>>> print(open('structure.txt').read())   # compact mmCIF, C-alpha atoms
# COMPACT_ATOMS: atom_id res chain seq x y z
CA MET Q 1 34.83 -35.74 31.44
CA ARG Q 2 31.08 -35.26 31.31
CA PRO Q 3 29.11 -38.27 30.08
CA ARG Q 4 27.48 -37.69 26.68
CA LEU Q 5 23.71 -37.52 26.64
CA SER Q 6 22.04 -40.24 24.60
CA GLU Q 7 20.27 -39.28 21.36
CA ARG Q 8 16.94 -39.96 23.05
CA ALA Q 9 17.72 -37.63 25.94
CA GLN Q 10 18.91 -34.94 23.53
CA ALA Q 11 15.70 -35.35 21.53
CA ALA Q 12 13.59 -34.99 24.68
CA ILE Q 13 15.44 -31.80 25.65
CA LEU Q 14 15.08 -30.38 22.13
CA VAL Q 15 11.35 -31.11 22.06
CA GLY Q 16 10.96 -29.49 25.49
CA VAL Q 17 12.84 -26.36 24.42
CA LEU Q 18 10.89 -26.16 21.16
CA VAL Q 19 7.48 -26.57 22.78
CA THR Q 20 8.35 -23.85 25.32
CA ALA Q 21 9.63 -21.47 22.63
CA ILE Q 22 6.62 -22.07 20.38
CA ALA Q 23 4.19 -21.56 23.28
CA ALA Q 24 5.94 -18.33 24.31
CA LEU Q 25 5.95 -17.01 20.74
CA TYR Q 26 2.33 -17.93 20.23
CA GLY Q 27 1.44 -16.18 23.49
CA ALA Q 28 3.29 -13.06 22.35
CA THR Q 29 1.46 -13.01 19.01
CA GLN Q 30 -1.89 -13.29 20.80
CA ILE Q 31 -1.02 -10.40 23.11
CA LEU Q 32 0.12 -8.20 20.22
CA GLN Q 33 -2.81 -9.12 17.98
CA PRO Q 34 -5.44 -6.35 17.72
CA SER Q 35 -8.22 -7.49 20.03
CA ALA Q 36 -11.77 -8.21 18.88
CA VAL Q 37 -14.21 -5.33 19.26
CA SER Q 38 -17.17 -6.12 21.48
CA ARG Q 39 -20.53 -4.80 20.40
CA PHE Q 40 -21.79 -1.62 22.02
CA VAL Q 41 -24.17 1.13 20.91
CA VAL Q 42 -22.80 4.11 18.98
CA HIS Q 43 -24.75 7.15 17.83
CA GLY Q 44 -24.64 9.23 14.69
CA VAL Q 45 -21.97 7.30 12.79
CA ARG Q 46 -21.67 8.04 9.08
CA ILE Q 47 -20.11 6.18 6.20
CA GLU Q 48 -19.09 7.33 2.76
CA VAL Q 49 -18.04 4.85 0.10
CA ASN Q 50 -16.18 6.51 -2.69
CA SER Q 51 -15.17 4.95 -5.98
CA SER Q 52 -13.93 7.15 -8.81
CA SER Q 53 -17.29 6.86 -10.58
CA TRP Q 54 -19.85 6.63 -7.79
CA THR Q 55 -20.43 7.56 -4.15
CA ILE Q 56 -22.61 5.97 -1.50
CA GLU Q 57 -23.50 7.73 1.72
CA TYR Q 58 -25.20 6.26 4.74
CA GLN Q 59 -25.86 7.37 8.29
CA SER Q 60 -26.88 5.31 11.27
CA LEU Q 61 -28.40 7.18 14.20
CA VAL Q 62 -28.15 4.28 16.63
CA THR Q 63 -26.33 1.03 15.91
CA THR Q 64 -24.38 -1.79 17.48
CA ASN Q 65 -22.39 -2.21 14.26
CA ASN Q 66 -19.54 -0.36 15.86
CA THR Q 67 -16.60 -1.18 13.58
CA ALA Q 68 -15.58 0.21 10.19
CA PHE Q 69 -16.43 -3.17 8.64
CA ARG Q 70 -19.73 -3.83 10.42
CA LEU Q 71 -20.98 -0.36 9.52
CA LEU Q 72 -20.09 -1.04 5.88
CA GLU Q 73 -22.06 -4.30 6.04
CA GLU Q 74 -25.00 -2.47 7.61
CA ALA Q 75 -24.94 0.14 4.84
CA ALA Q 76 -24.75 -2.63 2.24
CA ALA Q 77 -27.76 -4.41 3.76
CA HIS Q 78 -29.82 -1.19 3.91
CA LEU Q 79 -28.90 0.20 0.51
CA GLY Q 80 -28.59 -3.09 -1.35
CA PHE Q 81 -25.01 -3.14 -2.60
CA THR Q 82 -22.52 -5.98 -2.32
CA VAL Q 83 -19.39 -6.25 -0.17
CA GLY Q 84 -16.74 -8.89 -0.88
CA TYR Q 85 -14.14 -9.75 1.71
CA GLU Q 86 -11.63 -12.36 2.83
CA VAL Q 87 -11.18 -13.46 6.42
CA TYR Q 88 -7.54 -13.87 7.39
CA GLN Q 89 -6.49 -15.98 10.33
CA ILE Q 90 -3.00 -14.61 10.79
CA PRO Q 91 -3.06 -11.80 11.62
CA GLU Q 92 -6.74 -12.13 12.39
CA GLY Q 93 -8.92 -9.77 10.42
CA VAL Q 94 -11.07 -9.01 7.43
CA LEU Q 95 -9.78 -7.66 4.12
CA VAL Q 96 -12.42 -5.96 2.00
CA THR Q 97 -11.86 -7.01 -1.61
CA SER Q 98 -14.82 -5.45 -3.42
CA ILE Q 99 -17.65 -2.99 -2.85
CA ASN Q 100 -20.62 -2.57 -5.16
CA GLY Q 101 -18.88 -4.57 -7.90
CA THR Q 102 -15.63 -2.59 -7.79
CA THR Q 103 -12.84 -5.04 -7.03
CA ASN Q 104 -9.35 -4.55 -5.59
CA GLY Q 105 -6.61 -4.26 -8.20
CA GLN Q 106 -8.68 -2.57 -10.91
CA GLY Q 107 -6.49 0.21 -12.26
CA GLY Q 108 -3.95 -0.31 -9.49
CA ARG Q 109 -6.42 0.75 -6.83
CA TYR Q 110 -7.64 -0.83 -3.62
CA TRP Q 111 -10.35 -0.36 -1.04
CA GLN Q 112 -8.95 1.47 1.95
CA TYR Q 113 -10.62 3.15 4.88
CA TRP Q 114 -10.15 6.17 7.08
CA VAL Q 115 -11.94 7.03 10.32
CA ASN Q 116 -12.25 10.77 10.89
CA GLY Q 117 -9.52 11.28 8.28
CA VAL Q 118 -7.06 8.87 9.90
CA PHE Q 119 -5.94 5.89 7.81
CA GLY Q 120 -7.09 2.52 9.17
CA ASP Q 121 -4.09 0.97 10.89
CA VAL Q 122 -5.82 -2.34 11.69
CA ALA Q 123 -8.20 -4.67 9.87
CA ALA Q 124 -11.57 -2.97 9.39
CA ASP Q 125 -13.35 -5.42 11.71
CA LYS Q 126 -10.93 -4.47 14.50
CA LYS Q 127 -11.44 -0.73 14.20
CA ALA Q 128 -13.90 0.37 16.89
CA LEU Q 129 -16.11 3.38 16.21
CA ALA Q 130 -17.24 6.05 18.65
CA ASP Q 131 -20.21 8.42 18.53
CA ASP Q 132 -20.30 10.75 15.48
CA ASP Q 133 -17.39 9.01 13.74
CA ILE Q 134 -17.13 9.36 9.98
CA VAL Q 135 -15.88 6.34 8.05
CA LEU Q 136 -14.59 6.84 4.54
CA TRP Q 137 -14.06 3.86 2.24
CA ARG Q 138 -12.12 4.98 -0.80
CA PHE Q 139 -11.03 3.07 -3.89
CA ASP Q 140 -7.59 4.44 -4.51
CA ARG Q 141 -3.88 3.72 -4.84
CA SER Q 142 -2.07 2.52 -1.72
CA TYR Q 143 -2.02 5.32 0.83
CA ALA Q 144 -0.89 3.23 3.78
CA GLY Q 145 -0.11 5.53 6.67
CA VAL Q 146 -1.23 8.75 5.01
CA SER Q 147 -4.00 10.78 6.62
CA VAL Q 148 -6.66 12.49 4.56
CA GLY Q 149 -8.70 15.49 5.51
CA MET N 150 54.34 -26.84 -15.72
CA ILE N 151 51.72 -25.16 -13.65
CA GLY N 152 49.76 -24.45 -16.83
CA THR N 153 49.93 -28.09 -17.80
CA GLN N 154 48.61 -29.16 -14.41
CA GLY N 155 45.75 -26.73 -14.75
CA ALA N 156 44.91 -28.09 -18.20
CA SER N 157 44.96 -31.68 -17.04
CA ARG N 158 42.59 -30.79 -14.21
CA THR N 159 40.02 -29.22 -16.43
CA ARG N 160 40.20 -31.70 -19.27
CA PRO N 161 38.27 -34.57 -17.62
CA VAL N 162 35.34 -32.30 -16.78
CA SER N 163 34.94 -30.99 -20.31
CA GLY N 164 35.69 -34.45 -21.62
CA ARG N 165 32.82 -35.99 -19.66
CA GLY N 166 30.36 -33.64 -21.29
CA TRP N 167 27.16 -32.04 -20.13
CA LYS N 168 25.77 -35.22 -18.57
CA ALA N 169 28.66 -35.38 -16.17
CA VAL N 170 28.25 -31.73 -15.32
CA LEU N 171 24.54 -32.33 -14.76
CA ASN N 172 25.25 -35.35 -12.56
CA ALA N 173 27.77 -33.45 -10.51
CA GLY N 174 25.38 -30.55 -10.13
CA LEU N 175 22.24 -32.49 -9.28
CA GLY N 176 23.81 -35.34 -7.30
CA ASN N 177 22.55 -38.90 -7.06
CA THR N 178 18.96 -40.12 -7.46
CA ARG N 179 18.20 -39.71 -3.79
CA THR N 180 19.43 -36.13 -3.80
CA ARG N 181 17.32 -35.37 -6.88
CA ILE N 182 14.16 -36.89 -5.37
CA LEU N 183 14.70 -34.91 -2.17
CA GLY N 184 15.33 -31.75 -4.20
CA VAL N 185 12.04 -32.15 -6.04
CA PHE N 186 10.29 -32.93 -2.75
CA LEU N 187 11.67 -29.72 -1.25
CA ILE N 188 10.34 -27.70 -4.19
CA LEU N 189 6.94 -29.37 -3.79
CA ILE N 190 6.88 -28.68 -0.05
CA ALA N 191 7.87 -25.06 -0.61
CA VAL N 192 5.10 -24.52 -3.16
CA LEU N 193 2.28 -26.63 -1.75
CA GLY N 194 2.86 -25.61 1.87
CA THR N 195 2.84 -21.92 1.02
CA VAL N 196 -0.25 -22.21 -1.18
CA VAL N 197 -2.18 -24.24 1.40
CA LEU N 198 -1.21 -21.84 4.21
CA ARG N 199 -1.90 -18.74 2.11
CA GLN N 200 -4.36 -17.29 4.63
CA TYR N 201 -1.80 -17.52 7.42
CA ALA N 202 0.58 -14.68 6.66
CA ASN N 203 4.24 -15.63 7.19
CA ILE N 204 3.42 -19.23 8.05
CA GLU N 205 5.17 -20.65 5.01
CA THR N 206 7.41 -23.48 3.86
CA VAL N 207 9.74 -21.79 1.36
CA PHE N 208 12.12 -20.77 4.15
CA VAL N 209 12.56 -24.31 5.48
CA ALA N 210 12.89 -25.72 1.94
CA CYS N 211 15.68 -23.24 1.14
CA LEU N 212 17.51 -23.91 4.41
CA LEU N 213 17.33 -27.68 3.87
CA ALA N 214 18.27 -27.38 0.19
CA GLY N 215 21.48 -25.64 1.19
CA SER N 216 22.32 -27.66 4.27
CA LEU N 217 21.31 -31.15 3.10
CA LEU N 218 21.54 -31.23 -0.67
CA SER N 219 23.82 -28.33 -1.55
CA ARG N 220 25.22 -28.37 -5.12
CA TRP N 221 22.83 -26.79 -7.64
CA TRP N 222 19.90 -27.43 -5.34
CA THR N 223 21.01 -24.48 -3.20
CA VAL N 224 19.88 -22.24 -6.04
CA LEU N 225 17.41 -24.57 -7.80
CA VAL N 226 15.02 -25.03 -4.87
CA PRO N 227 14.52 -21.33 -4.06
CA LEU N 228 14.37 -20.27 -7.70
CA SER N 229 12.02 -23.05 -8.83
CA ALA N 230 9.67 -22.54 -5.90
CA LEU N 231 9.60 -18.78 -6.38
CA LEU N 232 9.19 -19.12 -10.11
CA ILE N 233 5.86 -20.75 -9.31
CA LEU N 234 4.90 -18.72 -6.23
CA GLN N 235 5.85 -15.22 -7.32
CA PRO N 236 3.46 -15.13 -10.31
CA LEU N 237 0.67 -16.13 -7.89
CA GLU N 238 1.75 -13.27 -5.65
CA TRP N 239 1.76 -10.87 -8.60
CA ASP N 240 -1.70 -12.08 -9.58
CA ALA N 241 -3.01 -11.57 -6.04
CA ASN N 242 -1.57 -8.03 -6.02
CA ARG N 243 -2.67 -7.05 -9.49
CA GLY N 244 -2.67 -3.35 -9.98
CA TYR N 245 0.49 -2.52 -8.11
CA ALA N 246 3.08 -0.91 -10.34
CA VAL N 247 5.27 -3.45 -12.15
CA GLU N 248 8.44 -1.78 -10.87
CA ALA N 249 7.20 -2.05 -7.27
CA MET N 250 6.31 -5.74 -7.62
CA ALA N 251 9.58 -6.49 -9.43
CA GLY N 252 11.50 -4.71 -6.68
CA ILE N 253 9.75 -6.67 -3.94
CA SER N 254 10.28 -9.93 -5.86
CA PHE N 255 13.99 -9.08 -6.03
CA PHE N 256 14.14 -8.77 -2.23
CA VAL N 257 12.16 -12.00 -1.73
CA VAL N 258 14.29 -14.03 -4.17
CA THR N 259 17.63 -12.75 -2.87
CA GLY N 260 16.41 -13.22 0.71
CA PHE N 261 15.62 -16.90 0.16
CA LEU N 262 18.83 -17.41 -1.83
CA PHE N 263 20.72 -15.99 1.13
CA VAL N 264 18.98 -18.49 3.44
CA ALA N 265 19.94 -21.38 1.14
CA LEU N 266 23.55 -20.17 0.87
CA ILE N 267 23.89 -19.89 4.65
CA GLY N 268 22.41 -23.40 4.82
CA SER N 269 25.07 -24.69 2.46
CA ARG N 270 27.74 -23.36 4.84
CA LEU N 271 26.30 -25.65 7.53
CA ARG N 272 26.32 -28.74 5.33
CA PRO N 273 29.46 -30.36 6.75
CA LYS N 274 27.90 -30.29 10.22
CA VAL N 275 24.50 -31.70 9.27
CA LEU N 276 23.98 -35.41 9.95
CA PHE N 277 20.98 -37.48 10.99
CA ARG N 278 21.39 -36.56 14.64
CA VAL N 279 19.46 -34.50 17.17
CA LYS N 280 22.34 -32.02 17.30
CA SER N 281 21.92 -31.29 13.61
CA VAL N 282 18.19 -30.63 13.97
CA ALA N 283 18.97 -28.35 16.92
CA LEU N 284 21.63 -26.56 14.87
CA LEU N 285 19.29 -26.02 11.91
CA THR N 286 16.51 -24.80 14.20
CA THR N 287 18.82 -22.44 16.07
CA ILE N 288 20.27 -20.94 12.90
CA SER N 289 16.75 -20.51 11.50
CA VAL N 290 15.94 -17.90 14.16
CA PRO N 291 18.48 -15.18 13.19
CA LEU N 292 18.02 -16.13 9.53
CA THR N 293 14.26 -15.58 9.76
CA VAL N 294 14.79 -12.18 11.39
CA ALA N 295 17.42 -11.23 8.78
CA TYR N 296 15.12 -12.31 5.94
CA ASP N 297 12.20 -10.30 7.37
CA VAL N 298 14.29 -7.16 7.90
CA TRP N 299 15.61 -7.46 4.32
CA THR N 300 12.18 -7.91 2.73
CA ALA N 301 10.59 -5.25 4.96
CA PHE N 302 13.25 -2.86 3.70
CA GLY N 303 12.28 -3.79 0.14
CA GLU N 304 8.61 -3.25 0.90
CA TRP N 305 9.38 0.14 2.42
CA TYR N 306 11.57 1.19 -0.49
CA PHE N 307 9.21 0.17 -3.27
CA LEU N 308 5.75 0.48 -1.72
CA MET N 309 5.72 2.76 1.32
CA ARG N 310 8.53 5.29 0.78
CA PRO N 311 6.78 6.94 -2.18
CA PHE N 312 3.91 7.79 0.18
CA GLY N 313 6.14 9.28 2.87
CA VAL N 314 5.91 6.35 5.29
CA SER N 315 9.08 6.04 7.39
CA LEU N 316 11.23 2.91 7.53
CA LEU N 317 10.67 2.81 11.29
CA THR N 318 6.88 2.63 10.82
CA VAL N 319 7.30 -0.26 8.38
CA MET N 320 9.65 -2.10 10.73
CA GLN N 321 7.25 -1.60 13.64
CA GLY N 322 4.42 -2.98 11.51
CA GLN N 323 6.64 -5.90 10.57
CA PHE N 324 7.19 -6.96 14.20
CA LEU N 325 4.04 -9.09 14.63
CA PHE N 326 4.59 -10.69 11.21
CA THR N 327 8.16 -11.60 12.19
CA LEU N 328 6.88 -13.30 15.34
CA TYR N 329 4.60 -15.41 13.16
CA HIS N 330 7.47 -16.11 10.79
CA LEU N 331 9.62 -17.26 13.74
CA LEU N 332 6.74 -19.47 14.85
CA SER N 333 6.65 -20.95 11.35
CA SER N 334 10.41 -21.63 11.39
CA LEU N 335 10.33 -23.18 14.86
CA ILE N 336 7.61 -25.59 13.73
CA PHE N 337 8.69 -26.43 10.18
CA VAL N 338 12.49 -26.53 10.49
CA PRO N 339 12.57 -29.30 13.12
CA LEU N 340 9.62 -31.11 11.49
CA PHE N 341 10.91 -31.16 7.91
CA GLY N 342 14.54 -31.11 9.05
CA THR N 343 14.12 -34.42 10.89
CA THR N 344 12.10 -35.92 8.04
CA PHE N 345 14.55 -34.96 5.32
CA LEU N 346 17.63 -35.88 7.37
CA PHE N 347 16.09 -39.31 7.86
CA LEU N 348 15.17 -39.64 4.17
CA GLN N 349 18.62 -38.53 3.12
CA ALA N 350 20.27 -41.04 5.40
CA TYR N 351 17.94 -44.01 4.96
CA GLY N 352 15.60 -43.11 2.08
CA TRP N 353 15.68 -44.46 -1.43
CA PRO N 354 18.86 -46.22 -2.50
CA ALA N 355 21.19 -43.95 -4.43
CA THR N 356 21.84 -45.39 -7.88
CA GLN N 357 25.20 -43.72 -8.21
CA GLN N 358 28.16 -44.69 -6.10
CA GLU N 359 28.00 -41.86 -3.68
CA PRO N 360 27.79 -41.91 0.11
CA SER N 361 24.71 -40.48 1.77
CA PRO N 362 26.11 -37.43 3.48
CA ALA N 363 23.54 -37.37 6.27
CA GLU N 364 24.38 -40.84 7.56
CA PRO N 365 26.10 -40.60 10.91
CA TYR N 366 29.79 -41.47 10.92
CA ASP N 367 30.00 -41.46 7.11
CA ARG N 368 31.75 -38.17 7.25
CA PRO N 369 34.67 -37.19 9.38
>>> encode(input="structure.txt", output="structure tokens")
Amino acid sequence: MRPRLSERAQAAILVGVLVTAIAALYGATQILQPSAVSRFVVHGVRIEVNSSSWTIEYQSLVTTNNTAFRLLEEAAAHLGFTVGYEVYQIPEGVLVTSINGTTNGQGGRYWQYWVNGVFGDVAADKKALADDDIVLWRFDRSYAGVSVG
Amino acid sequence: MIGTQGASRTRPVSGRGWKAVLNAGLGNTRTRILGVFLILIAVLGTVVLRQYANIETVFVACLLAGSLLSRWWTVLVPLSALLILQPLEWDANRGYAVEAMAGISFFVVTGFLFVALIGSRLRPKVLFRVKSVALLTTISVPLTVAYDVWTAFGEWYFLMRPFGVSLLTVMQGQFLFTLYHLLSSLIFVPLFGTTFLFLQAYGWPATQQEPSPAEPYDRP
């Protein structure tokens, strides 16, 4: 008959297994997490911010604000409108909550973005832009996963 | 004769009145304190960790409510915690259709109730021992996955399906969140499991004559 492990030995084994499992899971989440976008120069990127009652348009000929979020911030700084957002740690990313005084939830609508007509599948600060990209921020009902022309 | 036996069995319960029913349902003082603690942990932990999606303490509170306290607490802990947390969730998601939010709340509440009920099935095996903590932690893994699949289905049905998003897309999007949820379970279940097993075995004295079920060797 095998000798029974003491409670202390069992506890040590359990802690070891747990630490390994937690480390492995944490590693997996870091690998799967959308990576941060490093700054590089993009040319001719445009942004359109569209509420139901107003529209803002902005174009940057040369910029290092090469994400959907950074370009929105650049437009806000140049044109003098406000952008509200929350920074989430898990999963890492920014959620835009208001633009130019129009806040998420009003009338069942939310700020969502598309790049070249494709719905943003990651947080806006993780969406890298390329030359001549067109970013659309629209205040609308949830269209998760639906492309717009 | 059988009818008479049945009557004599039920008579003492109704004869003792609502206080006796309440006592039987809520358990001794220690059980009640732990039950309230579990509700507090579920609510406070989830509110404090709000910015860390799926790192939450409702799951562990439900599992421990079922496996340690059982009785009415199996239902009381999840329902009380969600009665506080769900309105906050509704407030944060103002603007979504009421039917959609109600539908998602249904999946969340039934999901956590399921966790607590599975926990209550483990109760006879849960004592203040390392093996019990290991058992609770192990069972939390498939339970977390089952809970996430269930609620992701609810989210697809009420939020995404109307916009033509496939269930597969929603499940794929859920994957990273489930990993975080598993991380949460692997941290909180052993942490709070050990704490509450200890408190149940050696915590406050129970005022009623009732053995502490988590004490080793108290139970066969």
>>> closest_residue(input="structure.txt", among="Q:Ser35, Q:Thr20, Q:Ser52, Q:Gln10", to="Gln106 in chain Q", atoms="all atoms listed in the file")
Q:Ser52
>>> interface_residues(input="structure.txt", of="chain Q", to="chain N", cutoff="10 Å", atoms="all atoms listed in the file", output="ChimeraX atom specification")
/Q:6-15,17-19,21-26,28-33,86-92,104-110,121,141-146
>>> atom_distance(input="structure.txt", atom1="CA of Gly303 in chain N", atom2="CA of Leu262 in chain N")
15.2 Å
>>> residues_around(input="structure.txt", residues="Ile99 in chain Q", least_positions_apart="5", cutoff="8 Å", atoms="only C-alpha atoms", output="count of residues only")
5
>>> atom_distance(input="structure.txt", atom1="CA of Ser60 in chain Q", atom2="CA of His43 in chain Q")
7.1 Å
>>> atom_distance(input="structure.txt", atom1="CA of Gly252 in chain N", atom2="CA of Met320 in chain N")
17.7 Å
>>> residues_around(input="structure.txt", residues="Val209 in chain N", least_positions_apart="4", cutoff="8 Å", atoms="only C-alpha atoms", output="list in words")
Ala191, Leu213, Ser334, Phe337, Val338, Phe341 and Gly342 of chain N
>>> closest_residue(input="structure.txt", among="N:Arg310, N:Thr223, N:Pro236, N:Gln349", to="Thr178 in chain N", atoms="all atoms listed in the file")
N:Gln349
>>> closest_residue(input="structure.txt", among="N:Val196, N:Val224, N:Ala210, N:Ala169", to="Glu238 in chain N", atoms="all atoms listed in the file")
N:Val196
>>> residues_near_point(input="structure.txt", point="(11.2, -12.0, -7.2)", cutoff="10 Å", atoms="all atoms listed in the file", output="number ranges by chain")
N: 228, 231-232, 234-236, 238-239, 250-261
>>> decode(input="structure.txt", residues="range 313-326 of chain N", atoms="C-alpha atoms", output="PDB file, in the first residue's frame")
ATOM      1  CA  GLY N 313     -26.397  38.224 -38.827  1.00  0.00           C
ATOM      2  CA  VAL N 314     -23.311  37.365 -36.764  1.00  0.00           C
ATOM      3  CA  SER N 315     -22.773  33.594 -36.603  1.00  0.00           C
ATOM      4  CA  LEU N 316     -22.571  31.619 -33.366  1.00  0.00           C
ATOM      5  CA  LEU N 317     -19.112  30.439 -34.400  1.00  0.00           C
ATOM      6  CA  THR N 318     -17.858  34.042 -34.654  1.00  0.00           C
ATOM      7  CA  VAL N 319     -19.183  34.772 -31.168  1.00  0.00           C
ATOM      8  CA  MET N 320     -17.601  31.622 -29.734  1.00  0.00           C
ATOM      9  CA  GLN N 321     -14.273  32.477 -31.380  1.00  0.00           C
ATOM     10  CA  GLY N 322     -14.453  35.967 -29.884  1.00  0.00           C
ATOM     11  CA  GLN N 323     -15.264  34.404 -26.523  1.00  0.00           C
ATOM     12  CA  PHE N 324     -12.078  32.298 -26.455  1.00  0.00           C
ATOM     13  CA  LEU N 325      -9.713  34.942 -25.017  1.00  0.00           C
ATOM     14  CA  PHE N 326     -12.343  35.978 -22.456  1.00  0.00           C
TER      15      PHE N 326
END
